[in-house]
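Trainee: So I've got this file, start35.txt, and it contains compact mmCIF, C-alpha atoms and all ligand atoms:
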# COMPACT_ATOMS: atom_id res chain seq x y z
CA MET A 1 -22.35 -254.51 -169.66
CA ARG A 2 -25.82 -253.81 -168.30
CA SER A 3 -28.74 -255.89 -167.07
CA ILE A 4 -32.03 -254.10 -167.58
CA THR A 5 -35.41 -254.68 -166.00
CA THR A 6 -38.76 -252.94 -166.23
CA LEU A 7 -41.61 -252.74 -163.76
CA HIS A 8 -45.07 -251.21 -163.79
CA LEU A 9 -46.55 -249.02 -161.07
CA GLN A 10 -50.16 -247.91 -161.01
CA TYR A 11 -50.68 -244.88 -158.84
CA ALA A 12 -52.76 -241.77 -158.23
CA HIS A 13 -51.34 -238.35 -157.54
CA ARG A 14 -51.72 -234.68 -158.31
CA PHE A 15 -49.44 -231.68 -158.66
CA TYR A 16 -50.45 -229.49 -155.75
CA GLY A 17 -50.25 -225.81 -156.72
CA PHE A 18 -49.65 -226.58 -160.40
CA LYS A 19 -51.64 -224.41 -162.82
CA GLY A 20 -52.93 -227.12 -165.09
CA GLU A 21 -55.19 -230.16 -165.11
CA ALA A 22 -52.62 -232.15 -163.14
CA GLN A 23 -53.66 -230.20 -160.04
CA TYR A 24 -56.65 -232.57 -159.91
CA LEU A 25 -56.29 -236.12 -158.60
CA HIS A 26 -55.71 -238.57 -161.45
CA GLY A 27 -54.06 -241.92 -162.10
CA HIS A 28 -51.27 -243.42 -164.19
CA THR A 29 -49.51 -246.62 -165.08
CA GLY A 30 -45.86 -245.67 -164.73
CA ILE A 31 -43.11 -247.77 -166.31
CA LEU A 32 -39.79 -247.79 -164.52
CA THR A 33 -36.68 -249.13 -166.25
CA ILE A 34 -33.67 -249.93 -164.07
CA GLU A 35 -30.25 -250.43 -165.67
CA VAL A 36 -27.61 -252.14 -163.56
CA GLU A 37 -23.99 -252.14 -164.67
CA ASP A 38 -21.08 -254.35 -163.67
CA SER A 39 -18.64 -256.82 -165.16
CA ILE A 40 -20.08 -260.06 -166.50
CA ASN A 41 -20.17 -262.59 -163.66
CA PRO A 42 -18.31 -265.48 -165.38
CA GLY A 43 -20.06 -268.12 -163.26
CA VAL A 44 -23.51 -267.33 -164.66
CA ASN A 45 -22.54 -265.24 -167.75
CA MET A 46 -24.73 -262.33 -166.76
CA VAL A 47 -24.27 -258.98 -165.03
CA PHE A 48 -27.10 -259.57 -162.58
CA PRO A 49 -30.29 -261.69 -162.85
CA CYS A 50 -33.07 -259.37 -164.04
CA ASN A 51 -35.68 -261.12 -161.90
CA GLU A 52 -33.50 -260.40 -158.86
CA ILE A 53 -33.22 -256.71 -159.79
CA LYS A 54 -37.00 -256.69 -160.01
CA LYS A 55 -37.39 -258.50 -156.68
CA THR A 56 -35.04 -256.08 -154.88
CA ALA A 57 -36.75 -253.04 -156.40
CA TRP A 58 -40.29 -254.36 -155.96
CA ALA A 59 -39.79 -255.03 -152.24
CA LEU A 60 -39.76 -251.25 -151.73
CA LEU A 61 -41.53 -249.96 -154.83
CA GLN A 62 -44.68 -252.07 -154.42
CA ASN A 63 -45.62 -249.43 -151.86
CA PHE A 64 -46.13 -247.06 -154.81
CA ASP A 65 -48.37 -249.53 -156.68
CA HIS A 66 -52.13 -248.98 -156.27
CA ALA A 67 -51.16 -246.16 -153.95
CA LEU A 68 -51.97 -242.51 -153.56
CA ILE A 69 -48.92 -240.26 -153.70
CA LEU A 70 -49.26 -236.81 -152.17
CA ARG A 71 -46.81 -234.05 -151.32
CA SER A 72 -46.40 -233.51 -147.60
CA ASP A 73 -47.90 -229.99 -147.70
CA ASP A 74 -50.96 -230.99 -149.77
CA PRO A 75 -54.15 -230.20 -147.80
CA LEU A 76 -55.72 -233.34 -149.33
CA LEU A 77 -53.42 -235.38 -147.10
CA PRO A 78 -55.04 -234.62 -143.71
CA ALA A 79 -58.48 -234.70 -145.37
CA ILE A 80 -57.93 -238.20 -146.78
CA LEU A 81 -56.38 -239.51 -143.57
CA ASP A 82 -59.44 -238.19 -141.72
CA VAL A 83 -61.79 -240.12 -144.03
CA TYR A 84 -59.69 -243.30 -143.76
CA GLU A 85 -59.67 -242.92 -139.98
CA LYS A 86 -63.46 -242.54 -139.82
CA GLN A 87 -63.87 -245.54 -142.11
CA GLY A 88 -61.55 -247.60 -139.96
CA ILE A 89 -59.15 -248.35 -142.83
CA LYS A 90 -56.28 -246.00 -141.96
CA ASN A 91 -54.29 -248.73 -140.24
CA GLY A 92 -54.98 -251.39 -142.83
CA ALA A 93 -57.68 -253.70 -144.11
CA PRO A 94 -57.63 -257.50 -144.55
CA THR A 95 -57.74 -257.14 -148.33
CA ASN A 96 -54.71 -254.84 -148.41
CA THR A 97 -51.95 -257.39 -148.90
CA ASN A 98 -49.77 -255.85 -151.64
CA LYS A 99 -47.46 -254.27 -149.08
CA GLY A 100 -43.73 -253.82 -148.80
CA PRO A 101 -42.02 -252.80 -145.60
CA ALA A 102 -42.79 -249.21 -144.60
CA PHE A 103 -39.89 -246.93 -145.46
CA LYS A 104 -38.85 -243.40 -144.77
CA SER A 105 -36.22 -241.67 -146.83
CA GLU A 106 -35.25 -238.05 -147.22
CA LEU A 107 -37.63 -237.77 -150.19
CA ALA A 108 -40.53 -240.12 -149.43
CA THR A 109 -42.34 -241.89 -146.60
CA ALA A 110 -44.47 -244.97 -147.32
CA TYR A 111 -47.54 -245.85 -145.28
CA PRO A 112 -48.34 -249.25 -146.80
CA ASP A 113 -51.24 -249.94 -144.44
CA CYS A 114 -53.31 -247.21 -146.08
CA ARG A 115 -51.63 -247.35 -149.50
CA LEU A 116 -50.18 -243.88 -149.24
CA VAL A 117 -46.79 -242.38 -150.03
CA VAL A 118 -45.99 -238.87 -148.83
CA THR A 119 -43.31 -237.08 -150.83
CA LYS A 120 -41.17 -234.05 -150.09
CA GLU A 121 -41.32 -232.83 -153.69
CA THR A 122 -44.07 -233.02 -156.32
CA MET A 123 -44.14 -236.55 -157.74
CA THR A 124 -43.33 -235.80 -161.35
CA VAL A 125 -41.46 -238.41 -163.43
CA GLU A 126 -38.28 -236.54 -162.49
CA GLY A 127 -39.29 -236.59 -158.82
CA MET A 128 -39.90 -240.36 -159.01
CA ILE A 129 -36.43 -240.97 -160.42
CA LYS A 130 -34.88 -239.10 -157.48
CA ILE A 131 -36.97 -241.12 -155.01
CA VAL A 132 -36.19 -244.49 -156.63
CA TYR A 133 -32.46 -243.81 -156.87
CA ASP A 134 -32.33 -242.79 -153.24
CA LEU A 135 -34.15 -245.97 -152.16
CA LEU A 136 -32.11 -248.42 -154.25
CA LYS A 137 -28.67 -246.86 -154.78
CA ASP A 138 -26.94 -248.96 -152.11
CA LYS A 139 -28.64 -252.23 -153.10
CA LEU A 140 -28.04 -252.24 -156.87
CA ASN A 141 -25.35 -250.84 -159.17
CA ILE A 142 -27.82 -248.48 -160.84
CA VAL A 143 -26.36 -246.55 -163.78
CA LYS A 144 -29.59 -245.41 -165.41
CA LEU A 145 -33.24 -244.97 -164.44
CA THR A 146 -36.03 -244.16 -166.86
CA PHE A 147 -39.58 -243.43 -165.77
CA VAL A 148 -42.43 -243.10 -168.25
CA SER A 149 -45.90 -242.05 -167.17
CA GLY A 150 -48.47 -241.06 -169.77
CA ASP A 151 -46.91 -238.47 -172.05
CA ASN A 152 -44.17 -237.68 -169.54
CA SER A 153 -40.87 -239.41 -169.32
CA ALA A 154 -37.50 -238.69 -167.77
CA SER A 155 -34.21 -240.48 -167.41
CA ALA A 156 -31.05 -239.94 -165.45
CA GLU A 157 -27.63 -241.59 -165.46
CA PHE A 158 -25.61 -242.31 -162.35
CA LYS A 159 -22.11 -243.41 -161.37
CA THR A 160 -22.09 -246.35 -159.02
CA SER A 161 -19.39 -246.98 -156.45
CA ASN A 162 -20.93 -250.13 -154.96
CA ASN A 163 -18.71 -253.20 -155.08
CA ILE A 164 -21.38 -255.88 -154.86
CA GLU A 165 -20.09 -259.46 -154.54
CA ARG A 166 -22.18 -261.85 -156.65
CA CYS A 167 -22.69 -265.61 -156.26
CA PRO A 168 -20.95 -267.48 -159.13
CA MET A 169 -23.73 -270.10 -159.06
CA CYS A 170 -26.86 -267.87 -158.86
CA GLY A 171 -25.58 -264.43 -159.82
CA ILE A 172 -27.29 -262.73 -156.88
CA SER A 173 -25.75 -260.50 -154.20
CA MET A 174 -23.84 -262.32 -151.48
CA VAL A 175 -24.71 -261.38 -147.91
CA ASP A 176 -21.64 -261.36 -145.62
CA GLY A 177 -19.82 -263.71 -147.99
CA VAL A 178 -22.68 -266.24 -148.19
CA CYS A 179 -25.21 -266.66 -151.02
CA PRO A 180 -28.69 -266.37 -149.49
CA LYS A 181 -30.06 -268.64 -152.23
CA CYS A 182 -27.65 -271.59 -152.55
CA GLY A 183 -25.39 -271.15 -149.53
CA TYR A 184 -22.18 -270.77 -151.59
CA ARG A 185 -19.38 -269.23 -149.52
CA SER A 186 -16.75 -266.97 -151.00
CA SER A 187 -13.12 -267.77 -150.16
CA LYS A 188 -12.44 -264.19 -149.04
ZN ZN B 201 -50.03 -237.28 -163.38
ZN ZN B 202 -25.90 -268.81 -154.99
Any chance you could give the structure as structure tokens?
Mentor:
Amino acid sequence: MRSITTLHLQYAHRFYGFKGEAQYLHGHTGILTIEVEDSINPGVNMVFPCNEIKKTAWALLQNFDHALILRSDDPLLPAILDVYEKQGIKNGAPTNTNKGPAFKSELATAYPDCRLVVTKETMTVEGMIKIVYDLLKDKLNIVKLTFVSGDNSASAEFKTSNNIERCPMCGISMVDGVCPKCGYRSSK
């Protein structure tokens, strides 16, 4: 069975080098659907709590929300960093609180202090699915991702090999045999 959760990401980007209107900076509300598959956890009668899927995903993905996403070779990148630097906001501002931990993966690097994500590939809906899977594949048993942004949408299915132990009381992932929420210990 699957547990399914959806989250919204508002972001700006452009397709550098693309021969169409998307080569200009513009914004979207993107809708990401994450499908997690496993057996039903008999203790809580669910696969995985949807709010916990959201929490795990949001910890990293909030860096894409209200952010500018640019490809690493886009000449706008140094230009924007230069403006932020001169304005004194490159390394953060007191009002910038919607931040997850900075991350760097093969496909994307987040700079939460200046609300910027630099990607290796153009951030199409397909590109976003690759980035999200790479960031979350070891944390959740993801079997399908769908990303919808304006008229564009893409989905991909995956095989998961994670064997995630879940708390029979809370349904969430155990950490080293202990539930981080209720303290339940597995007998293993
Ligand atoms: Zn777009
Ligand atoms: Zn628990």
Trainee: Contacts of Cys50 in chain A at 9 Å or less, counting only C-alpha atoms, minus same-chain residues fewer than 6 places along, as a PyMOL selection string?
Mentor: chain A and resi 3-6
Trainee: Produce as a ChimeraX atom specification the set of residues near ligand ZN 201 (chain B), where near means within 8 Å with all atoms listed in the file considered.
Mentor: /A:12-15,22,25-28,124,149-150
Trainee: Name the residues, by chain letter and number, that sit within 10 Å of ligand ZN 202 (chain B) using all atoms listed in the file, and give them as a list in words.
Mentor: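 The neighbouring residues of ligand ZN 202 (chain B) are, in order, Arg166, Cys167, Pro168, Met169, Cys170, Gly171, Ile172, Ser173, Met174, Val178, Cys179, Pro180, Lys181, Cys182, Gly183, Tyr184 and Arg185 of chain A.
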Trainee: So the first atom is CA of Asp151 in chain A and the second is CA of Glu21 in chain A; what is the distance between them in Å, to one decimal place?
Mentor: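 Computing the Euclidean distance for CA of Asp151 in chain A and CA of Glu21 in chain A yields 13.6 Å.
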Trainee: Figure out the distance between CA of Asp65 in chain A and CA of Asn152 in chain A, please, to one decimal in Å.
Mentor: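 Atom-to-atom, CA of Asn152 in chain A and CA of Asp65 in chain A are spaced 18.0 Å apart.
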Trainee: Residues at most 8 Å from Tyr16 in chain A, counting only C-alpha atoms, excluding those fewer than 6 positions away in the same chain, as an NGL selection string?
Mentor: :A and (23 or 71 or 74 or 122)
Trainee: Of the residues A:Thr97, A:Asn141, A:Thr160, A:Thr29, which is the one nearest to Thr56 in chain A, using all atoms listed in the file?
Mentor: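 Nearest to Thr56 in chain A: A:Asn141.
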Trainee: With distances taken over all atoms listed in the file, which residue among A:Glu106, A:Asp176, A:Glu52, A:Asp134 lies nearest Phe158 in chain A?
Mentor: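 Residue with the minimum atom-to-atom distance to Phe158 in chain A: A:Asp134.
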Trainee: Step by step: start from the point (-34.0, -255.2, -157.0) in the file's coordinates, keep every protein, DNA or RNA residue that has an atom no farther than 10 Å from it, count all atoms listed in the file, and write the set as a PyMOL selection string.
Mentor: chain A and resi 5+34+36+48-61+136+139-142
Trainee: So, counting only C-alpha atoms, which residue among A:Ile129, A:Ile89, A:Val143, A:Met1 is closest to Ile31 in chain A?
Mentor: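 Counting only C-alpha atoms, the residue closest to Ile31 in chain A is A:Ile129.
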Trainee: Hey, can you check how far CA of Pro101 in chain A sits from CA of Val175 in chain A?
Mentor: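 Computing the Euclidean distance for CA of Pro101 in chain A and CA of Val175 in chain A yields 19.5 Å.
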Trainee: Which neighbours of Gln62 in chain A fall inside 9 Å, counting only C-alpha atoms, when residues of the same chain fewer than 6 positions from it are skipped, and could you give them as a VMD selection string?
Mentor: chain A and resid 9 98 to 100 112
Trainee: Could you check the closest approach to Asn63 in chain A for each of A:Val132, A:Pro75, A:Gly127, A:Ile40 and tell me which residue wins, using all atoms listed in the file?
Mentor: A:Val132
Trainee: Can you tell me, as a ChimeraX atom specification, what residues are no more than 6 Å from Ala108 in chain A when counting all atoms listed in the file, ignoring any on the same chain fewer than 4 positions away?
Mentor: /A:104,118-119
Trainee: Could you work out an axis-aligned box for range 99-104 of chain A, taking every atom the file lists and adding 5 Å on each side, and report centre and edge lengths in Å to one decimal, as lines of an AutoDock Vina configuration file?
Mentor:
center_x = -43.2
center_y = -248.8
center_z = -146.8
size_x = 18.6
size_y = 20.9
size_z = 14.5
Trainee: With distances taken over only C-alpha atoms, which of A:Gly17, A:Leu7, A:Gly30, A:Gln87 is nearest to Val148 in chain A?
Mentor: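 Distance minimum relative to Val148 in chain A lands on A:Gly30.
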Trainee: Using the incomplete input, complete range 17-39 of chain A to the level of N, CA and C atoms; output as a compact mmCIF listing (two decimals), in the frame of the given file.
Mentor:
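To be explicit, this is the file written out as out05.txt:
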# COMPACT_ATOMS: atom_id res chain seq x y z
N GLY A 17 -50.71 -227.15 -156.41
CA GLY A 17 -50.25 -225.81 -156.72
C GLY A 17 -49.91 -225.60 -158.18
N PHE A 18 -49.98 -226.65 -158.97
CA PHE A 18 -49.65 -226.58 -160.40
C PHE A 18 -50.83 -225.97 -161.16
N LYS A 19 -50.54 -225.05 -162.09
CA LYS A 19 -51.64 -224.41 -162.82
C LYS A 19 -51.94 -225.19 -164.10
N GLY A 20 -52.59 -226.29 -163.93
CA GLY A 20 -52.93 -227.12 -165.09
C GLY A 20 -53.82 -228.25 -164.61
N GLU A 21 -54.24 -229.12 -165.52
CA GLU A 21 -55.19 -230.16 -165.11
C GLU A 21 -54.60 -231.15 -164.11
N ALA A 22 -53.26 -231.22 -164.06
CA ALA A 22 -52.62 -232.15 -163.14
C ALA A 22 -52.77 -231.74 -161.68
N GLN A 23 -53.39 -230.57 -161.43
CA GLN A 23 -53.66 -230.20 -160.04
C GLN A 23 -54.85 -230.98 -159.47
N TYR A 24 -55.56 -231.70 -160.36
CA TYR A 24 -56.65 -232.57 -159.91
C TYR A 24 -56.13 -233.99 -159.75
N LEU A 25 -56.69 -234.72 -158.79
CA LEU A 25 -56.29 -236.12 -158.60
C LEU A 25 -56.54 -236.91 -159.88
N HIS A 26 -55.58 -237.72 -160.26
CA HIS A 26 -55.71 -238.57 -161.45
C HIS A 26 -54.74 -239.74 -161.32
N GLY A 27 -54.88 -240.71 -162.22
CA GLY A 27 -54.06 -241.92 -162.10
C GLY A 27 -53.21 -242.20 -163.32
N HIS A 28 -52.19 -243.05 -163.11
CA HIS A 28 -51.27 -243.42 -164.19
C HIS A 28 -50.84 -244.88 -164.05
N THR A 29 -50.40 -245.46 -165.15
CA THR A 29 -49.51 -246.62 -165.08
C THR A 29 -48.14 -246.09 -165.44
N GLY A 30 -47.23 -246.13 -164.49
CA GLY A 30 -45.86 -245.67 -164.73
C GLY A 30 -44.98 -246.88 -165.04
N ILE A 31 -44.03 -246.69 -165.94
CA ILE A 31 -43.11 -247.77 -166.31
C ILE A 31 -41.70 -247.35 -165.93
N LEU A 32 -41.13 -248.09 -165.00
CA LEU A 32 -39.79 -247.79 -164.52
C LEU A 32 -38.80 -248.78 -165.11
N THR A 33 -37.74 -248.27 -165.73
CA THR A 33 -36.68 -249.13 -166.25
C THR A 33 -35.42 -248.90 -165.42
N ILE A 34 -34.87 -249.99 -164.92
CA ILE A 34 -33.67 -249.93 -164.07
C ILE A 34 -32.53 -250.59 -164.82
N GLU A 35 -31.43 -249.87 -165.00
CA GLU A 35 -30.25 -250.43 -165.67
C GLU A 35 -29.13 -250.58 -164.64
N VAL A 36 -28.66 -251.80 -164.53
CA VAL A 36 -27.61 -252.14 -163.56
C VAL A 36 -26.34 -252.50 -164.33
N GLU A 37 -25.23 -251.91 -163.92
CA GLU A 37 -23.99 -252.14 -164.67
C GLU A 37 -22.92 -252.77 -163.79
N ASP A 38 -22.21 -253.72 -164.36
CA ASP A 38 -21.08 -254.35 -163.67
C ASP A 38 -20.34 -255.17 -164.72
N SER A 39 -19.29 -255.87 -164.27
CA SER A 39 -18.64 -256.82 -165.16
C SER A 39 -19.59 -258.00 -165.36
